[in-house]
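> What follows is a structure written as structure tokens; I'll ask about it next.
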Amino acid sequence: MLQNIFTLIIETIASVLGGVLLLRFWIQAVRVRPPQQLAHFIFTLSDWAVRPMRRLLPGIGGYDWASLIGAALVAIICILLELGVRSALSASLIFSLSALLFFQWIFYGLIALLIVEAIFSWVNPHAPLAPFVRALNEPLLRPLRRIIPLIGNIDLSPLVALILLRVVHQLVIYLIMSLT
């Protein structure tokens, strides 16, 4: 019982921090300026981890590698803590589960962004966050929009992107688990 509670707390904290670090990486990768309040939240929550790592991992090629590596380290620490509680430490298990957790954060984050954009398009396309979310999704949707035509003035590329993300997610899970 206490192990499950500890695991829930660790996974929640790690998911929030890992998600923020991945969002910080993605914002800089697609060169999108977030709204000020959101930027303040993201940078306040992650600066303590990113700034010291930037001394070792400067931004190369316009990418914030410290944020990406920071998210991977959070996944590793999360898995280490969970396995440590269960006394099941093994290097291959730690690597596999950390990689799995890291890639799940990436896929679920991208899926969430697509769903948020769909909701904005239905409810309030002129919401203050709508252009920001649209810009974050653009690198995923642009190639699909070239291939998939509008059908009755409806853009099906987000739906195709969701399906493709799920397929790639399943492939990544299979590959990681087969390495164990």
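Just so we're on the same page: first chain in the structure tokens is A, next is B, and so on; residues restart at 1 for each chain, and ligands are numbered from 1 in the order they show up.
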Using DSSP assignments from the backbone, pull out every residue in chain A that falls under helix (DSSP H, G or I) and give it to me as a ChimeraX atom specification.
/A:2-29,36-54,65-86,91-123,130-147,157-179
> Show me, as a ChimeraX atom specification, the residues that have an atom within 7 Å of range 6-17 of chain A when counting only C-alpha atoms, minus same-chain residues fewer than 5 positions from it.
/A:74-75,78,82
> Report, in Å to a single decimal, how far apart CA of Ser67 in chain A and CA of Leu80 in chain A are.
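Computing it gives 19.7 Å between the two atoms.
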> Could you pull the residues within 12 Å of Val168 in chain A, counting only C-alpha atoms, minus those fewer than 4 positions along the same chain, as a ChimeraX atom specification?
/A:103-104,106-108,111,161-164,172-175
> Kindly save the residues from that selection, with N, CA and C atoms included, as a JSON list (two decimals), in the first residue's frame.

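The file below, again.json, is the result:
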[["chain", "number", "residue", "atom", "x", "y", "z"],
["A", 103, "PHE", "N", 9.86, 8.18, -23.52],
["A", 103, "PHE", "CA", 9.14, 8.22, -24.80],
["A", 103, "PHE", "C", 7.63, 8.33, -24.60],
["A", 104, "GLN", "N", 7.11, 7.76, -23.52],
["A", 104, "GLN", "CA", 5.68, 7.94, -23.24],
["A", 104, "GLN", "C", 5.36, 9.40, -22.99],
["A", 106, "ILE", "N", 6.90, 11.93, -24.24],
["A", 106, "ILE", "CA", 6.95, 12.61, -25.54],
["A", 106, "ILE", "C", 5.66, 12.35, -26.32],
["A", 107, "PHE", "N", 5.28, 11.09, -26.47],
["A", 107, "PHE", "CA", 4.10, 10.75, -27.26],
["A", 107, "PHE", "C", 2.82, 11.31, -26.64],
["A", 108, "TYR", "N", 2.66, 11.16, -25.34],
["A", 108, "TYR", "CA", 1.44, 11.68, -24.70],
["A", 108, "TYR", "C", 1.40, 13.20, -24.73],
["A", 111, "ILE", "N", 0.32, 14.06, -28.28],
["A", 111, "ILE", "CA", -1.10, 13.73, -28.42],
["A", 111, "ILE", "C", -1.96, 14.77, -27.70],
["A", 161, "ALA", "N", -2.51, 12.26, -37.58],
["A", 161, "ALA", "CA", -1.33, 12.42, -36.72],
["A", 161, "ALA", "C", -1.50, 11.64, -35.42],
["A", 162, "LEU", "N", -2.70, 11.67, -34.84],
["A", 162, "LEU", "CA", -2.96, 10.90, -33.62],
["A", 162, "LEU", "C", -2.77, 9.40, -33.86],
["A", 163, "ILE", "N", -3.29, 8.92, -34.96],
["A", 163, "ILE", "CA", -3.15, 7.50, -35.28],
["A", 163, "ILE", "C", -1.69, 7.14, -35.51],
["A", 164, "LEU", "N", -0.97, 7.97, -36.27],
["A", 164, "LEU", "CA", 0.45, 7.70, -36.52],
["A", 164, "LEU", "C", 1.27, 7.75, -35.23],
["A", 172, "VAL", "N", 7.73, 1.76, -30.59],
["A", 172, "VAL", "CA", 8.79, 2.10, -29.62],
["A", 172, "VAL", "C", 8.68, 1.22, -28.38],
["A", 173, "ILE", "N", 7.47, 1.01, -27.89],
["A", 173, "ILE", "CA", 7.28, 0.13, -26.74],
["A", 173, "ILE", "C", 7.78, -1.28, -27.06],
["A", 174, "TYR", "N", 7.41, -1.77, -28.23],
["A", 174, "TYR", "CA", 7.85, -3.11, -28.63],
["A", 174, "TYR", "C", 9.38, -3.19, -28.71],
["A", 175, "LEU", "N", 10.01, -2.19, -29.32],
["A", 175, "LEU", "CA", 11.46, -2.19, -29.44],
["A", 175, "LEU", "C", 12.15, -2.13, -28.09]]
> CA of Leu140 in chain A to CA of Ser178 in chain A: how many Å, to one decimal?
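Separation of CA of Leu140 in chain A and CA of Ser178 in chain A: 27.5 Å.
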> Applying 9 Å and only C-alpha atoms, which residues near Ile69 in chain A remain after dropping the ones on its own chain fewer than 5 positions away? List them as a list of chain:residue names.
A:Leu21, A:Met53, A:Leu57, A:Asp64, A:Val74
> Any idea what the distance is between CA of Arg134 in chain A and CA of Leu114 in chain A?
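Atom-to-atom, CA of Arg134 in chain A to CA of Leu114 in chain A, that is 8.5 Å.
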